[in-house]
Amino acid sequence: MEKKGQLIVISGFSGAGKGTVVKELVSKYGYSLSISATTRAPRPGEVDGKDYYFKTEAEFRNLIDYNGLIEWAQYVDNFYGTPRKFVEDELAAGRDVILEIEVQGATIIRKQYPDAMLLFITTKDVATLRERLSGRGSETEEQVRKRLQRAAEESAMIDTYDYIIINDDLNTCIDTVHSVILGGKCKRERNVEFIKALQADFSDEEESNS
């Protein structure tokens with residue numbers, strides 16, 4: 001019996017390393033990664049269909065009108081969203097799909113896909129998060145402060161996630177996330193159809209032997 005793929009939502013604080021974890025999961029274990037659509041202009045080196053699906057505002061609004069996005073949001077002057085067709089086609093083909101999205105988007109995903117697996121990646125404490133943000137060297141102290149303030153707001157929603165994973169060592173974190181996903185796929189509620197088919201198979205076997 002071909003099983004439907006697992007939808008995996010990965011969120012985390014800015015600076016916790018979720019982007020690197022997701023990239024390595026795709027590279028090492030072959031997960032499908034949902035590519036977001038956006039109305040912002042491509043940055044140097046970004047490729048349409050690889051980094052983002054770059055859309056005009058009219059094209060993006062058309063996707064909204066025709067229910068072509070699972071979730072979407074507006075940040076400053078640009079729109080960002082998760083295209084529905086790619087995700088549902090991949091799941092139907094039995095492939096596991098990762099969505100790297102913010103906590104608000106994760107809440108929307110859970111409402112539409114109750115069996116989605118939600119994982120949150122964090123550092124072991126706030127001091128480590130601050131150290132990583134400051135260590136990137138690409139942000140001012142004020143920007144670091146704002147990211148920490150945003151992280152504090154996101155922390156209020158951590159308890160809505162299924163799994164909390166501490167990224168203290170990158171390789172350990174990547175393998176832990178993979179193990180958690182495999183474990184989640186073995187849950188009874190994800191195997192209801194398999195159980196029914198197996199029980200029916202045993203029933204047929206007993207009848208043939210009677």
# chains A, B, ... in the order shown; residues from 1 in each chain; ligands from 1
call {"tool": "residues_around", "arguments": {"residues": "Ser11 of chain A", "least_positions_apart": "5", "cutoff": "6 Å", "atoms": "only C-alpha atoms", "output": "list of chain:residue names"}}
result
A:Glu100, A:Ile101, A:Glu102, A:Phe120
call {"tool": "write_last_selection", "arguments": {"atoms": "C-alpha atoms", "output": "PDB file, in the first residue's frame"}}
result
ATOM      1  CA  GLU A 100      10.261  26.224   6.783  1.00  0.00           C
ATOM      2  CA  ILE A 101       7.835  28.865   8.041  1.00  0.00           C
ATOM      3  CA  GLU A 102       7.092  31.202  10.939  1.00  0.00           C
ATOM      4  CA  PHE A 120      10.516  23.929  16.660  1.00  0.00           C
TER       5      PHE A 120
END
call {"tool": "select_by_dssp", "arguments": {"residues": "segment 43-196 of chain A", "states": "helix (DSSP H, G or I)", "output": "short mmCIF file (atom, residue, chain, number, x, y, z; two decimals) with N, CA, C and O atoms, in the first residue's frame"}}
result
data_model
loop_
_atom_site.label_atom_id
_atom_site.label_comp_id
_atom_site.auth_asym_id
_atom_site.auth_seq_id
_atom_site.Cartn_x
_atom_site.Cartn_y
_atom_site.Cartn_z
N GLU A 57 2.62 41.37 -7.86
CA GLU A 57 1.55 41.44 -6.85
C GLU A 57 0.24 40.92 -7.43
O GLU A 57 -0.53 40.24 -6.73
N ALA A 58 -0.01 41.20 -8.70
CA ALA A 58 -1.24 40.72 -9.34
C ALA A 58 -1.26 39.20 -9.40
O ALA A 58 -2.30 38.57 -9.14
N GLU A 59 -0.13 38.59 -9.74
CA GLU A 59 -0.04 37.13 -9.81
C GLU A 59 -0.24 36.52 -8.43
O GLU A 59 -0.92 35.49 -8.27
N PHE A 60 0.34 37.16 -7.42
CA PHE A 60 0.22 36.65 -6.05
C PHE A 60 -1.23 36.73 -5.58
O PHE A 60 -1.77 35.77 -5.01
N ARG A 61 -1.86 37.86 -5.83
CA ARG A 61 -3.26 38.02 -5.41
C ARG A 61 -4.17 37.04 -6.14
O ARG A 61 -5.18 36.58 -5.60
N ASN A 62 -3.82 36.70 -7.36
CA ASN A 62 -4.58 35.73 -8.12
C ASN A 62 -4.49 34.35 -7.46
O ASN A 62 -5.48 33.61 -7.38
N LEU A 63 -3.30 34.00 -6.94
CA LEU A 63 -3.12 32.74 -6.22
C LEU A 63 -3.99 32.71 -4.96
O LEU A 63 -4.59 31.69 -4.64
N ILE A 64 -4.05 33.85 -4.29
CA ILE A 64 -4.88 33.94 -3.08
C ILE A 64 -6.35 33.72 -3.45
O ILE A 64 -7.06 32.94 -2.81
N ASP A 65 -6.80 34.41 -4.50
CA ASP A 65 -8.21 34.34 -4.90
C ASP A 65 -8.64 32.93 -5.29
O ASP A 65 -9.79 32.54 -5.05
N ARG A 84 0.13 25.79 -2.85
CA ARG A 84 -0.58 24.56 -2.48
C ARG A 84 -0.26 23.38 -3.39
O ARG A 84 -0.08 22.25 -2.93
N LYS A 85 -0.21 23.62 -4.70
CA LYS A 85 -0.10 22.51 -5.66
C LYS A 85 1.15 21.68 -5.44
O LYS A 85 1.09 20.44 -5.42
N PHE A 86 2.30 22.32 -5.26
CA PHE A 86 3.55 21.57 -5.08
C PHE A 86 3.45 20.67 -3.85
O PHE A 86 3.79 19.48 -3.91
N VAL A 87 2.99 21.24 -2.75
CA VAL A 87 2.91 20.48 -1.49
C VAL A 87 1.98 19.27 -1.65
O VAL A 87 2.36 18.14 -1.31
N GLU A 88 0.81 19.47 -2.19
CA GLU A 88 -0.16 18.39 -2.27
C GLU A 88 0.24 17.34 -3.31
O GLU A 88 -0.01 16.14 -3.12
N ASP A 89 0.90 17.77 -4.39
CA ASP A 89 1.39 16.81 -5.39
C ASP A 89 2.48 15.92 -4.79
O ASP A 89 2.51 14.70 -5.01
N GLU A 90 3.39 16.51 -4.03
CA GLU A 90 4.48 15.76 -3.41
C GLU A 90 3.95 14.78 -2.37
O GLU A 90 4.37 13.61 -2.31
N LEU A 91 3.01 15.23 -1.55
CA LEU A 91 2.43 14.36 -0.52
C LEU A 91 1.69 13.19 -1.17
O LEU A 91 1.81 12.04 -0.72
N ALA A 92 0.94 13.48 -2.23
CA ALA A 92 0.18 12.42 -2.92
C ALA A 92 1.12 11.39 -3.53
O ALA A 92 0.77 10.21 -3.64
N VAL A 103 5.90 30.96 13.02
CA VAL A 103 4.92 30.35 13.92
C VAL A 103 3.46 30.63 13.51
O VAL A 103 2.60 29.78 13.67
N GLN A 104 3.20 31.82 12.97
CA GLN A 104 1.82 32.13 12.56
C GLN A 104 1.39 31.22 11.41
O GLN A 104 0.27 30.71 11.39
N GLY A 105 2.31 31.00 10.47
CA GLY A 105 2.02 30.11 9.35
C GLY A 105 1.81 28.69 9.81
O GLY A 105 0.98 27.96 9.27
N ALA A 106 2.58 28.28 10.82
CA ALA A 106 2.47 26.91 11.34
C ALA A 106 1.07 26.66 11.91
O ALA A 106 0.50 25.57 11.75
N THR A 107 0.51 27.67 12.56
CA THR A 107 -0.84 27.55 13.12
C THR A 107 -1.86 27.35 12.01
O THR A 107 -2.78 26.53 12.14
N ILE A 108 -1.69 28.06 10.90
CA ILE A 108 -2.61 27.93 9.77
C ILE A 108 -2.47 26.54 9.13
O ILE A 108 -3.47 25.91 8.76
N ILE A 109 -1.24 26.07 9.02
CA ILE A 109 -1.00 24.75 8.44
C ILE A 109 -1.68 23.67 9.27
O ILE A 109 -2.33 22.76 8.74
N ARG A 110 -1.57 23.76 10.59
CA ARG A 110 -2.15 22.74 11.47
C ARG A 110 -3.67 22.66 11.30
O ARG A 110 -4.26 21.58 11.36
N LYS A 111 -4.30 23.80 11.06
CA LYS A 111 -5.76 23.81 10.88
C LYS A 111 -6.16 23.11 9.58
O LYS A 111 -7.17 22.43 9.52
N GLN A 112 -5.34 23.28 8.54
CA GLN A 112 -5.66 22.67 7.25
C GLN A 112 -5.19 21.23 7.13
O GLN A 112 -5.80 20.42 6.43
N VAL A 126 18.75 31.82 26.00
CA VAL A 126 18.72 33.13 25.35
C VAL A 126 20.12 33.67 25.12
O VAL A 126 20.40 34.29 24.08
N ALA A 127 21.03 33.43 26.07
CA ALA A 127 22.40 33.92 25.94
C ALA A 127 23.06 33.35 24.68
O ALA A 127 23.78 34.07 23.96
N THR A 128 22.84 32.08 24.42
CA THR A 128 23.41 31.44 23.22
C THR A 128 22.80 32.04 21.96
O THR A 128 23.50 32.27 20.96
N LEU A 129 21.50 32.30 22.00
CA LEU A 129 20.83 32.90 20.84
C LEU A 129 21.41 34.29 20.56
O LEU A 129 21.71 34.62 19.40
N ARG A 130 21.57 35.09 21.59
CA ARG A 130 22.16 36.42 21.43
C ARG A 130 23.57 36.31 20.85
O ARG A 130 23.95 37.07 19.95
N GLU A 131 24.33 35.37 21.35
CA GLU A 131 25.72 35.19 20.90
C GLU A 131 25.76 34.84 19.42
O GLU A 131 26.59 35.35 18.66
N ARG A 132 24.86 33.99 18.99
CA ARG A 132 24.83 33.59 17.58
C ARG A 132 24.40 34.75 16.69
O ARG A 132 24.95 34.96 15.61
N LEU A 133 23.39 35.48 17.13
CA LEU A 133 22.93 36.63 16.34
C LEU A 133 24.02 37.68 16.21
O LEU A 133 24.26 38.22 15.13
N SER A 134 24.69 37.97 17.31
CA SER A 134 25.77 38.97 17.30
C SER A 134 26.96 38.46 16.49
O SER A 134 27.64 39.24 15.81
N GLY A 135 27.20 37.14 16.57
CA GLY A 135 28.36 36.55 15.90
C GLY A 135 28.26 36.54 14.39
O GLY A 135 29.28 36.38 13.70
N GLU A 141 23.44 46.16 16.72
CA GLU A 141 22.96 45.77 18.04
C GLU A 141 21.45 46.00 18.14
O GLU A 141 20.73 45.22 18.78
N GLU A 142 20.95 47.05 17.50
CA GLU A 142 19.52 47.32 17.50
C GLU A 142 18.76 46.22 16.76
O GLU A 142 17.68 45.80 17.20
N GLN A 143 19.30 45.74 15.65
CA GLN A 143 18.66 44.66 14.90
C GLN A 143 18.66 43.36 15.71
O GLN A 143 17.68 42.62 15.70
N VAL A 144 19.76 43.11 16.42
CA VAL A 144 19.84 41.93 17.28
C VAL A 144 18.77 42.03 18.37
O VAL A 144 18.08 41.05 18.69
N ARG A 145 18.63 43.23 18.94
CA ARG A 145 17.63 43.43 20.00
C ARG A 145 16.23 43.15 19.47
O ARG A 145 15.41 42.50 20.15
N LYS A 146 15.94 43.60 18.25
CA LYS A 146 14.62 43.39 17.67
C LYS A 146 14.37 41.90 17.39
O LYS A 146 13.25 41.40 17.57
N ARG A 147 15.41 41.20 16.95
CA ARG A 147 15.26 39.76 16.70
C ARG A 147 15.02 39.00 18.01
O ARG A 147 14.25 38.04 18.04
N LEU A 148 15.67 39.42 19.07
CA LEU A 148 15.46 38.79 20.36
C LEU A 148 14.05 39.09 20.88
O LEU A 148 13.41 38.22 21.50
N GLN A 149 13.59 40.31 20.62
CA GLN A 149 12.22 40.66 21.02
C GLN A 149 11.21 39.81 20.25
O GLN A 149 10.23 39.33 20.82
N ARG A 150 11.48 39.61 18.96
CA ARG A 150 10.62 38.76 18.14
C ARG A 150 10.65 37.32 18.65
O ARG A 150 9.61 36.64 18.72
N ALA A 151 11.83 36.85 19.03
CA ALA A 151 11.97 35.49 19.56
C ALA A 151 11.17 35.32 20.84
O ALA A 151 10.56 34.27 21.08
N ALA A 152 11.16 36.36 21.66
CA ALA A 152 10.39 36.30 22.91
C ALA A 152 8.90 36.13 22.61
O ALA A 152 8.19 35.37 23.28
N GLU A 153 8.43 36.83 21.58
CA GLU A 153 7.02 36.70 21.18
C GLU A 153 6.74 35.29 20.64
O GLU A 153 5.71 34.69 20.96
N GLU A 154 7.67 34.76 19.85
CA GLU A 154 7.49 33.42 19.29
C GLU A 154 7.52 32.35 20.37
O GLU A 154 6.84 31.32 20.24
N SER A 155 8.27 32.59 21.43
CA SER A 155 8.39 31.59 22.50
C SER A 155 7.05 31.29 23.15
O SER A 155 6.85 30.21 23.71
N ILE A 158 5.54 28.16 21.47
CA ILE A 158 6.30 26.91 21.36
C ILE A 158 5.48 25.70 21.79
O ILE A 158 5.61 24.61 21.22
N ASP A 159 4.63 25.89 22.78
CA ASP A 159 3.88 24.74 23.30
C ASP A 159 2.80 24.25 22.35
O ASP A 159 2.09 23.29 22.65
N THR A 160 2.65 24.89 21.18
CA THR A 160 1.71 24.39 20.17
C THR A 160 2.40 23.41 19.21
O THR A 160 1.73 22.81 18.37
N LEU A 170 25.22 21.05 15.47
CA LEU A 170 24.47 21.02 14.21
C LEU A 170 24.22 19.60 13.72
O LEU A 170 23.08 19.25 13.41
N ASN A 171 25.25 18.78 13.62
CA ASN A 171 25.07 17.43 13.09
C ASN A 171 24.14 16.59 13.95
O ASN A 171 23.31 15.83 13.44
N THR A 172 24.26 16.75 15.26
CA THR A 172 23.37 16.03 16.18
C THR A 172 21.94 16.49 15.97
O THR A 172 21.00 15.68 15.95
N CYS A 173 21.75 17.79 15.81
CA CYS A 173 20.41 18.35 15.61
C CYS A 173 19.79 17.81 14.32
O CYS A 173 18.62 17.41 14.31
N ILE A 174 20.55 17.78 13.24
CA ILE A 174 20.04 17.29 11.95
C ILE A 174 19.58 15.84 12.07
O ILE A 174 18.48 15.48 11.64
N ASP A 175 20.42 15.01 12.68
CA ASP A 175 20.08 13.59 12.82
C ASP A 175 18.92 13.39 13.78
O ASP A 175 18.10 12.47 13.59
N THR A 176 18.82 14.24 14.80
CA THR A 176 17.71 14.14 15.75
C THR A 176 16.39 14.48 15.05
O THR A 176 15.39 13.77 15.24
N VAL A 177 16.38 15.53 14.27
CA VAL A 177 15.17 15.91 13.53
C VAL A 177 14.74 14.76 12.62
O VAL A 177 13.56 14.40 12.57
N HIS A 178 15.69 14.18 11.91
CA HIS A 178 15.37 13.06 11.01
C HIS A 178 14.78 11.89 11.79
O HIS A 178 13.78 11.28 11.36
N SER A 179 15.36 11.58 12.93
CA SER A 179 14.88 10.47 13.76
C SER A 179 13.46 10.75 14.28
O SER A 179 12.62 9.85 14.33
N VAL A 180 13.22 11.99 14.68
CA VAL A 180 11.90 12.38 15.17
C VAL A 180 10.85 12.21 14.07
O VAL A 180 9.75 11.71 14.31
N ILE A 181 11.21 12.61 12.86
CA ILE A 181 10.27 12.47 11.74
C ILE A 181 9.96 11.01 11.47
O ILE A 181 8.80 10.63 11.30
N LEU A 182 10.99 10.16 11.47
CA LEU A 182 10.78 8.73 11.24
C LEU A 182 9.91 8.14 12.34
O LEU A 182 9.01 7.34 12.07
N GLY A 183 10.15 8.55 13.58
CA GLY A 183 9.35 8.07 14.69
C GLY A 183 7.90 8.49 14.57
O GLY A 183 6.98 7.70 14.81
N GLY A 184 7.69 9.73 14.17
CA GLY A 184 6.33 10.24 14.00
C GLY A 184 5.56 9.50 12.93
O GLY A 184 4.35 9.29 13.04
N LYS A 185 6.26 9.08 11.88
CA LYS A 185 5.61 8.35 10.79
C LYS A 185 5.15 6.96 11.23
O LYS A 185 4.33 6.33 10.57
N ARG A 188 0.55 5.18 15.46
CA ARG A 188 -0.63 4.40 15.08
C ARG A 188 -1.58 5.20 14.19
O ARG A 188 -2.07 4.69 13.17
N GLU A 189 -1.83 6.46 14.56
CA GLU A 189 -2.81 7.24 13.81
C GLU A 189 -2.38 7.53 12.38
O GLU A 189 -3.20 7.88 11.54
N ARG A 190 -1.10 7.39 12.09
CA ARG A 190 -0.62 7.57 10.71
C ARG A 190 -0.64 6.27 9.93
O ARG A 190 -0.30 6.24 8.76
N VAL A 192 -3.44 3.96 10.15
CA VAL A 192 -4.78 3.39 10.29
C VAL A 192 -5.14 2.50 9.10
O VAL A 192 -5.63 1.37 9.26
N GLU A 193 -4.91 3.00 7.88
CA GLU A 193 -5.26 2.22 6.69
C GLU A 193 -4.42 0.96 6.58
O GLU A 193 -4.91 -0.10 6.19
N PHE A 194 -3.15 1.07 6.95
CA PHE A 194 -2.28 -0.11 6.92
C PHE A 194 -2.78 -1.17 7.90
O PHE A 194 -2.82 -2.37 7.60
N ILE A 195 -3.17 -0.73 9.10
CA ILE A 195 -3.67 -1.66 10.12
C ILE A 195 -4.92 -2.38 9.63
O ILE A 195 -5.06 -3.60 9.76
N LYS A 196 -5.84 -1.62 9.03
CA LYS A 196 -7.07 -2.21 8.51
C LYS A 196 -6.76 -3.24 7.42
O LYS A 196 -7.35 -4.33 7.38
#
call {"tool": "closest_residue", "arguments": {"among": "A:Met157, A:Ala16, A:Ile8, A:Ala73", "to": "Ser34 of chain A", "atoms": "only C-alpha atoms"}}
result
A:Ile8
call {"tool": "select_by_dssp", "arguments": {"residues": "segment 115-188 of chain A", "states": "strand (DSSP E or B)", "output": "JSON, numbers by chain"}}
result
{"A": [117, 118, 119, 120, 121, 122, 163, 164, 165, 166]}
call {"tool": "write_last_selection", "arguments": {"atoms": "C-alpha atoms", "output": "PDB file, in the first residue's frame"}}
result
ATOM      1  CA  MET A 117       4.196  17.328  12.162  1.00  0.00           C
ATOM      2  CA  LEU A 118       5.333  20.595  13.802  1.00  0.00           C
ATOM      3  CA  LEU A 119       8.950  20.923  14.978  1.00  0.00           C
ATOM      4  CA  PHE A 120      10.516  23.929  16.660  1.00  0.00           C
ATOM      5  CA  ILE A 121      14.288  24.473  16.686  1.00  0.00           C
ATOM      6  CA  THR A 122      15.825  26.529  19.467  1.00  0.00           C
ATOM      7  CA  TYR A 163       8.534  18.440  19.104  1.00  0.00           C
ATOM      8  CA  ILE A 164      11.105  20.857  20.511  1.00  0.00           C
ATOM      9  CA  ILE A 165      14.676  20.280  19.366  1.00  0.00           C
ATOM     10  CA  ILE A 166      17.722  22.071  20.786  1.00  0.00           C
TER      11      ILE A 166
END
call {"tool": "atom_distance", "arguments": {"atom1": "atom CA of Ser27 of chain A", "atom2": "atom CA of Gly15 of chain A"}}
result
20.6 Å
call {"tool": "residues_around", "arguments": {"residues": "Val22 of chain A", "least_positions_apart": "2", "cutoff": "10 Å", "atoms": "only C-alpha atoms", "output": "list of chain:residue names"}}
result
A:Ile10, A:Ser11, A:Gly17, A:Lys18, A:Gly19, A:Thr20, A:Glu24, A:Leu25, A:Val26, A:Ser27, A:Lys28, A:Tyr31, A:Leu33, A:Ile98, A:Leu99, A:Glu100, A:Ile174, A:Val177
